[in-house]
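A.B. asks: Got final.csv for you, CSV, C-alpha atoms:
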```csv
chain,number,residue,atom,x,y,z
C,1,MET,CA,11.9,22.4,52.2
C,2,ARG,CA,14.9,20.7,53.8
C,3,ILE,CA,15.9,19.1,50.4
C,4,ILE,CA,15.6,22.4,48.6
C,5,THR,CA,17.8,24.1,51.2
C,6,LEU,CA,20.5,21.4,50.9
C,7,LEU,CA,20.5,21.7,47.1
C,8,LEU,CA,20.9,25.5,47.3
C,9,CYS,CA,23.7,25.1,49.8
C,10,SER,CA,25.6,22.8,47.5
C,11,LEU,CA,25.9,25.4,44.7
C,12,PRO,CA,29.5,26.6,44.0
C,13,PHE,CA,30.6,29.5,46.1
C,14,ARG,CA,32.9,30.6,43.3
C,15,VAL,CA,29.8,32.1,41.6
C,16,PHE,CA,30.1,35.1,44.0
C,17,ALA,CA,33.9,35.2,44.1
C,18,GLN,CA,35.8,38.3,43.0
C,19,PRO,CA,38.4,37.5,40.3
C,20,GLY,CA,42.1,38.0,41.0
C,21,ILE,CA,41.7,37.9,44.8
C,22,SER,CA,43.6,35.3,46.8
C,23,GLU,CA,41.7,33.4,49.4
C,24,LEU,CA,42.3,33.3,53.2
C,25,LEU,CA,43.2,30.0,54.7
C,26,VAL,CA,42.4,28.6,58.1
C,27,VAL,CA,42.8,25.4,60.2
C,28,PHE,CA,40.8,24.8,63.3
C,29,VAL,CA,42.3,22.9,66.1
C,30,HIS,CA,40.8,21.1,69.1
C,31,ASP,CA,42.9,22.5,72.0
C,32,THR,CA,45.8,24.8,72.9
C,33,ASP,CA,48.2,22.0,72.1
C,34,GLY,CA,47.2,22.3,68.5
C,35,ARG,CA,45.7,18.8,68.2
C,36,PRO,CA,43.3,18.2,65.2
C,37,MET,CA,39.6,18.6,65.6
C,38,THR,CA,37.9,15.5,67.0
C,39,GLY,CA,35.0,13.9,65.2
C,40,THR,CA,34.2,13.4,61.5
C,41,TYR,CA,33.9,16.3,59.2
C,42,ALA,CA,30.3,16.5,57.9
C,43,MET,CA,29.2,18.4,54.8
C,44,PRO,CA,26.5,19.6,55.0
C,45,VAL,CA,25.6,20.2,58.6
C,46,ALA,CA,22.6,17.8,58.3
C,47,ALA,CA,25.1,14.9,57.9
C,48,GLN,CA,26.2,15.3,61.5
C,49,ALA,CA,23.1,13.4,62.5
C,50,TRP,CA,24.5,10.1,61.2
C,51,LEU,CA,28.3,10.9,61.4
C,52,SER,CA,28.4,11.9,65.1
C,53,LYS,CA,29.5,9.6,67.9
C,54,PRO,CA,28.7,10.2,71.6
C,55,SER,CA,32.4,10.8,72.4
C,56,ALA,CA,33.2,12.6,69.2
C,57,PRO,CA,30.5,14.8,67.6
C,58,ALA,CA,30.9,15.5,63.9
C,59,TRP,CA,31.6,19.1,62.9
C,60,SER,CA,31.0,21.4,59.9
C,61,VAL,CA,32.1,24.8,58.6
C,62,GLU,CA,29.8,27.1,56.7
C,63,MET,CA,30.4,30.4,54.9
C,64,HIS,CA,27.7,33.0,55.4
C,65,PHE,CA,27.4,36.4,53.7
C,66,THR,CA,25.1,39.0,52.2
C,67,VAL,CA,25.4,39.7,48.5
C,68,SER,CA,26.7,43.2,48.0
C,69,LYS,CA,25.5,45.9,45.5
C,70,GLU,CA,28.8,45.4,43.6
C,71,TYR,CA,27.6,41.9,42.5
C,72,PRO,CA,27.4,42.3,38.7
C,73,TYR,CA,25.4,39.3,37.5
C,74,SER,CA,22.0,39.0,39.1
C,75,PRO,CA,20.5,42.2,40.5
C,76,HIS,CA,17.8,40.3,42.3
C,77,GLU,CA,20.4,38.5,44.4
C,78,ILE,CA,21.7,41.8,45.9
C,79,GLY,CA,20.9,42.1,49.6
C,80,THR,CA,20.1,38.4,50.0
C,81,HIS,CA,21.7,36.1,52.6
C,82,LYS,CA,23.6,33.1,51.3
C,83,PHE,CA,25.5,30.3,53.0
C,84,TRP,CA,27.6,27.4,51.7
C,85,PRO,CA,29.2,24.4,53.4
C,86,LEU,CA,32.9,24.5,52.9
C,87,SER,CA,34.9,21.6,51.5
C,88,PRO,CA,38.4,21.3,53.0
C,89,ASP,CA,41.6,19.7,51.9
C,90,THR,CA,44.3,18.3,54.2
C,91,VAL,CA,47.6,19.7,55.4
C,92,HIS,CA,50.2,18.2,57.9
C,93,ALA,CA,51.9,19.5,60.9
C,94,GLY,CA,54.5,16.9,61.6
C,95,ARG,CA,52.6,13.6,61.9
C,96,ARG,CA,49.3,15.4,62.6
C,97,GLU,CA,46.8,15.8,59.8
C,98,HIS,CA,44.5,18.9,59.7
C,99,LEU,CA,41.7,20.1,57.6
C,100,ARG,CA,42.3,23.4,55.8
C,101,PHE,CA,39.5,25.7,54.6
C,102,SER,CA,39.7,28.4,51.9
C,103,ILE,CA,37.7,31.5,52.3
C,104,LEU,CA,37.4,33.4,49.0
C,105,ASP,CA,36.9,37.1,48.8
C,106,CYS,CA,33.5,37.8,47.3
C,107,PHE,CA,30.9,40.4,46.2
C,108,CYS,CA,29.5,40.4,49.7
C,109,THR,CA,29.2,42.1,53.1
C,110,ASP,CA,28.8,40.6,56.6
C,111,GLN,CA,30.9,37.7,55.7
C,112,TYR,CA,31.5,35.2,58.5
C,113,LEU,CA,32.3,31.5,59.2
C,114,LEU,CA,30.1,29.2,61.3
C,115,VAL,CA,32.0,26.3,62.9
C,116,ILE,CA,29.4,23.9,64.2
C,117,GLN,CA,30.1,20.8,66.4
C,118,GLY,CA,27.1,19.3,68.1
C,119,ASP,CA,25.4,21.9,70.1
C,120,ASP,CA,28.4,24.3,70.1
C,121,THR,CA,28.8,27.0,67.5
C,122,MET,CA,31.7,29.3,66.8
C,123,ARG,CA,31.2,32.4,64.6
C,124,VAL,CA,34.3,34.1,63.0
C,125,ASP,CA,33.6,37.5,61.4
C,126,MET,CA,35.8,37.9,58.3
C,127,PRO,CA,37.4,41.2,57.3
C,128,ASN,CA,35.7,43.2,54.5
C,129,ASP,CA,38.5,45.7,54.0
C,130,PRO,CA,40.6,44.7,51.0
C,131,THR,CA,43.8,46.1,52.5
C,132,THR,CA,43.3,44.0,55.6
C,133,ARG,CA,42.7,40.9,53.6
C,134,GLY,CA,45.7,41.6,51.4
C,135,HIS,CA,47.9,41.9,54.5
C,136,LEU,CA,46.7,38.6,55.8
C,137,VAL,CA,47.2,36.9,52.5
C,138,HIS,CA,50.7,38.4,52.2
C,139,ARG,CA,51.6,37.1,55.6
C,140,MET,CA,50.4,33.6,54.9
C,141,VAL,CA,52.4,33.4,51.6
C,142,ALA,CA,55.5,34.8,53.4
C,143,ARG,CA,55.1,32.2,56.2
C,144,GLY,CA,55.0,29.4,53.7
C,145,GLY,CA,57.9,30.6,51.6
C,146,GLY,CA,55.6,31.1,48.6
C,147,ALA,CA,53.1,28.4,49.5
C,148,ALA,CA,50.3,30.0,51.4
C,149,ALA,CA,50.3,28.6,55.0
C,150,PRO,CA,47.0,28.8,56.9
C,151,GLU,CA,46.2,30.6,60.1
C,152,VAL,CA,45.5,28.3,63.0
C,153,MET,CA,42.6,28.9,65.3
C,154,ARG,CA,41.2,27.0,68.3
C,155,PHE,CA,37.6,26.0,68.1
C,156,ALA,CA,35.6,27.5,70.9
C,157,PRO,CA,31.9,28.5,71.2
C,158,GLY,CA,31.2,32.2,70.8
C,159,ARG,CA,31.7,35.1,68.4
C,160,PHE,CA,35.2,36.1,67.3
C,161,ASN,CA,37.0,38.2,64.8
C,162,PHE,CA,39.3,36.6,62.2
C,163,VAL,CA,41.9,39.3,62.4
C,164,VAL,CA,42.2,39.1,66.2
C,165,LEU,CA,42.4,35.3,66.1
C,166,ALA,CA,45.1,35.5,63.4
C,167,GLU,CA,47.2,37.7,65.6
C,168,ASN,CA,47.2,35.1,68.4
C,169,VAL,CA,50.8,33.8,68.6
C,170,ARG,CA,49.9,30.8,70.7
C,171,TYR,CA,49.6,28.6,67.6
C,172,LYS,CA,52.7,30.0,65.8
C,173,GLU,CA,54.5,26.7,66.2
C,174,VAL,CA,51.7,24.8,64.6
C,175,GLU,CA,51.5,27.3,61.8
C,176,GLU,CA,55.3,27.0,61.2
C,177,ARG,CA,55.1,23.2,61.1
C,178,ILE,CA,52.3,23.3,58.6
C,179,ALA,CA,54.3,25.9,56.5
C,180,ALA,CA,57.4,23.6,56.6
C,181,SER,CA,55.3,20.7,55.4
C,182,LEU,CA,53.8,22.7,52.6
C,183,LEU,CA,57.3,23.9,51.5
C,184,ARG,CA,58.7,20.3,51.5
C,185,ASP,CA,55.7,19.2,49.3
C,186,ALA,CA,56.3,22.0,46.9
C,187,ARG,CA,60.0,21.1,46.6
C,188,LYS,CA,59.1,17.5,45.9
C,189,ARG,CA,56.7,18.5,43.2
C,190,ALA,CA,59.3,20.7,41.6
C,191,LYS,CA,61.8,17.8,41.5
C,192,ARG,CA,59.3,15.6,39.7
C,193,ILE,CA,59.1,18.1,36.8
C,194,VAL,CA,61.8,16.7,34.5
C,195,PRO,CA,62.7,19.1,31.7
C,196,THR,CA,62.3,17.6,28.3
C,197,ARG,CA,64.5,18.2,25.3
C,198,GLN,CA,62.8,19.3,22.1
C,199,LYS,CA,63.0,16.7,19.4
C,200,PRO,CA,64.7,18.0,16.2
C,201,ALA,CA,62.3,18.7,13.3
C,202,MET,CA,61.9,15.7,11.1
C,203,ILE,CA,62.0,16.1,7.3
C,204,GLY,CA,59.2,14.0,5.9
C,205,ARG,CA,55.5,13.9,5.3
C,206,SER,CA,54.7,15.6,8.6
C,207,ASP,CA,56.1,19.0,7.5
C,208,GLY,CA,54.8,18.8,4.0
C,209,CYS,CA,58.2,18.9,2.3
C,210,MET,CA,57.3,15.9,0.1
C,211,ASP,CA,54.8,18.2,-1.6
C,212,GLN,CA,57.4,20.8,-2.5
C,213,PRO,CA,58.4,21.0,-6.2
C,214,GLN,CA,62.2,20.4,-5.5
C,215,TYR,CA,61.3,17.0,-4.1
C,216,GLN,CA,58.7,15.8,-6.6
C,217,GLY,CA,61.3,15.1,-9.4
C,218,ARG,CA,63.4,13.0,-6.9
C,219,MET,CA,60.3,11.1,-5.9
C,220,VAL,CA,59.4,10.1,-9.4
C,221,ALA,CA,63.0,9.1,-10.2
C,222,LEU,CA,63.1,6.8,-7.1
C,223,PHE,CA,59.9,5.2,-8.0
C,224,LEU,CA,61.0,4.5,-11.6
C,225,THR,CA,64.4,3.0,-10.6
C,226,THR,CA,63.2,1.0,-7.5
C,227,GLY,CA,59.5,0.3,-8.2
C,228,ARG,CA,58.8,1.3,-4.6
C,229,HIS,CA,57.1,4.3,-3.1
C,230,PRO,CA,59.6,6.9,-1.7
C,231,THR,CA,57.9,6.9,1.7
C,232,ARG,CA,58.8,3.2,2.1
C,233,LEU,CA,62.5,4.1,1.6
C,234,GLY,CA,62.4,6.6,4.6
C,235,TYR,CA,61.7,9.8,2.6
```
I need this file expressed as structure tokens, please.
C.D. replies:
Amino acid sequence: MRIITLLLCSLPFRVFAQPGISELLVVFVHDTDGRPMTGTYAMPVAAQAWLSKPSAPAWSVEMHFTVSKEYPYSPHEIGTHKFWPLSPDTVHAGRREHLRFSILDCFCTDQYLLVIQGDDTMRVDMPNDPTTRGHLVHRMVARGGGAAAPEVMRFAPGRFNFVVLAENVRYKEVEERIAASLLRDARKRAKRIVPTRQKPAMIGRSDGCMDQPQYQGRMVALFLTTGRHPTRLGY
């Protein structure tokens, strides 16, 4: 049963994602100083058993939700509870490296995150209202100058609301450092894109002009006078 559960949890979350909706982004920190989470990130939660250390328990993040009636693909899925382990990427705040998580909007209700580290669990209830989510996404994009910069939240056991935690200005400095790093990376990528000039169209076999009637007589004449095929003469 454990193996079946792990296989189900590894299915892509995008199956339930709504098209055209931007994701919310979040970084969890260890303390009020904005230091990165301690311990190795484990995916799935079962991996904590062999990745944890006594002084630094491993940690995991799961997305939980109930499939809503708007889900258009499999009617038998509606009303069922699903959860997926989230796979993060990395962002930087100065010299510190953080894990960033993407939370897609989905055909779902009762959407929440579970952040699990050892025996401690943090639940973060996600907003279901599209207007609220849109406002949060807009703020993240504005903060990053076009590159969405994540919200920063401190890990703490208990149940919390994503919107309330996002309004906490205590981690504004960390959010701004991450946003500045993302903006620098975006500018570096833009500089690497070197515009290329279009090559002029070449007259030859590639455009089929050798097969046109006005060239055929010239081809025959060249062959008769030189004994060589016209293509070997650069035509």
A.B. asks: Find the residue from C:Tyr41, C:Leu25, C:Pro88, C:Cys106 that sits nearest to Glu151 of chain C; use all atoms listed in the file when measuring.
C.D. replies: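 Closest candidate: C:Leu25.
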A.B. asks: Have a look at atom CA of Pro72 of chain C and atom CA of Val137 of chain C and let me know their distance in Å, one decimal.
C.D. replies: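 So the answer is 24.7 Å.
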A.B. asks: Within 6 Å of (41.0, 24.6, 62.1) (coordinates as in the file), grab all the protein and nucleic acid residues, counting only C-alpha atoms, and write them out as a VMD selection string.
C.D. replies: chain C and resid 26 to 29 152 to 153
A.B. asks: Using all atoms listed in the file, determine which residues lie at most 7 Å from Ala179 of chain C, disregarding the query and same-chain residues fewer than 6 positions distant; provide the list as a PyMOL selection string.
C.D. replies: chain C and resi 143-144+149
A.B. asks: Find the distance between atom CA of Leu182 of chain C and atom CA of Ala142 of chain C and write it in Å to one decimal.
C.D. replies: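 Between atom CA of Leu182 of chain C and atom CA of Ala142 of chain C the gap is 12.2 Å.
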A.B. asks: Using only C-alpha atoms, which residues sit within 8 Å of segment 121-126 of chain C once same-chain residues fewer than 5 positions away are excluded, as a list in words?
C.D. replies: Asp110, Gln111, Tyr112, Leu113, Leu114, Val115, Ile116, Phe155, Ala156, Pro157, Gly158, Arg159, Phe160, Asn161, Phe162 and Val163 of chain C
A.B. asks: Let me make sure I understand: among C:Gly79, C:Pro130, C:Pro44, C:Pro150, which one has the smallest atom-to-atom distance to His98 of chain C if we use all atoms listed in the file?
C.D. replies: C:Pro150
A.B. asks: Can you list, as a list of chain:residue names, every protein, DNA or RNA residue that comes within 9 Å of Val174 of chain C when you count only C-alpha atoms, leaving out same-chain residues fewer than 6 positions away?
C.D. replies: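 With the cut-off at 9 Å, the set is C:Asp33, C:Gly34, C:Ala93, C:Gly94, C:Val152.
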A.B. asks: Could you check how far atom CA of Glu70 of chain C sits from atom CA of Leu86 of chain C, in Å to one decimal?
C.D. replies: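 A separation of 23.2 Å between them.
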A.B. asks: Taking only C-alpha atoms into account, name the residue in C:Asp105, C:His92, C:Tyr71, C:Gln117 that is nearest to Gly39 of chain C.
C.D. replies: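 When distances to Gly39 of chain C are compared using only C-alpha atoms, the smallest one comes from C:Gln117.
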A.B. asks: Mind checking which residues fall within 8 Å of His81 of chain C, counting all atoms listed in the file, ignoring those fewer than 6 positions away in the same chain, and posting them as a list of chain:residue names?
C.D. replies: C:His64, C:Phe65, C:Thr66, C:Val67
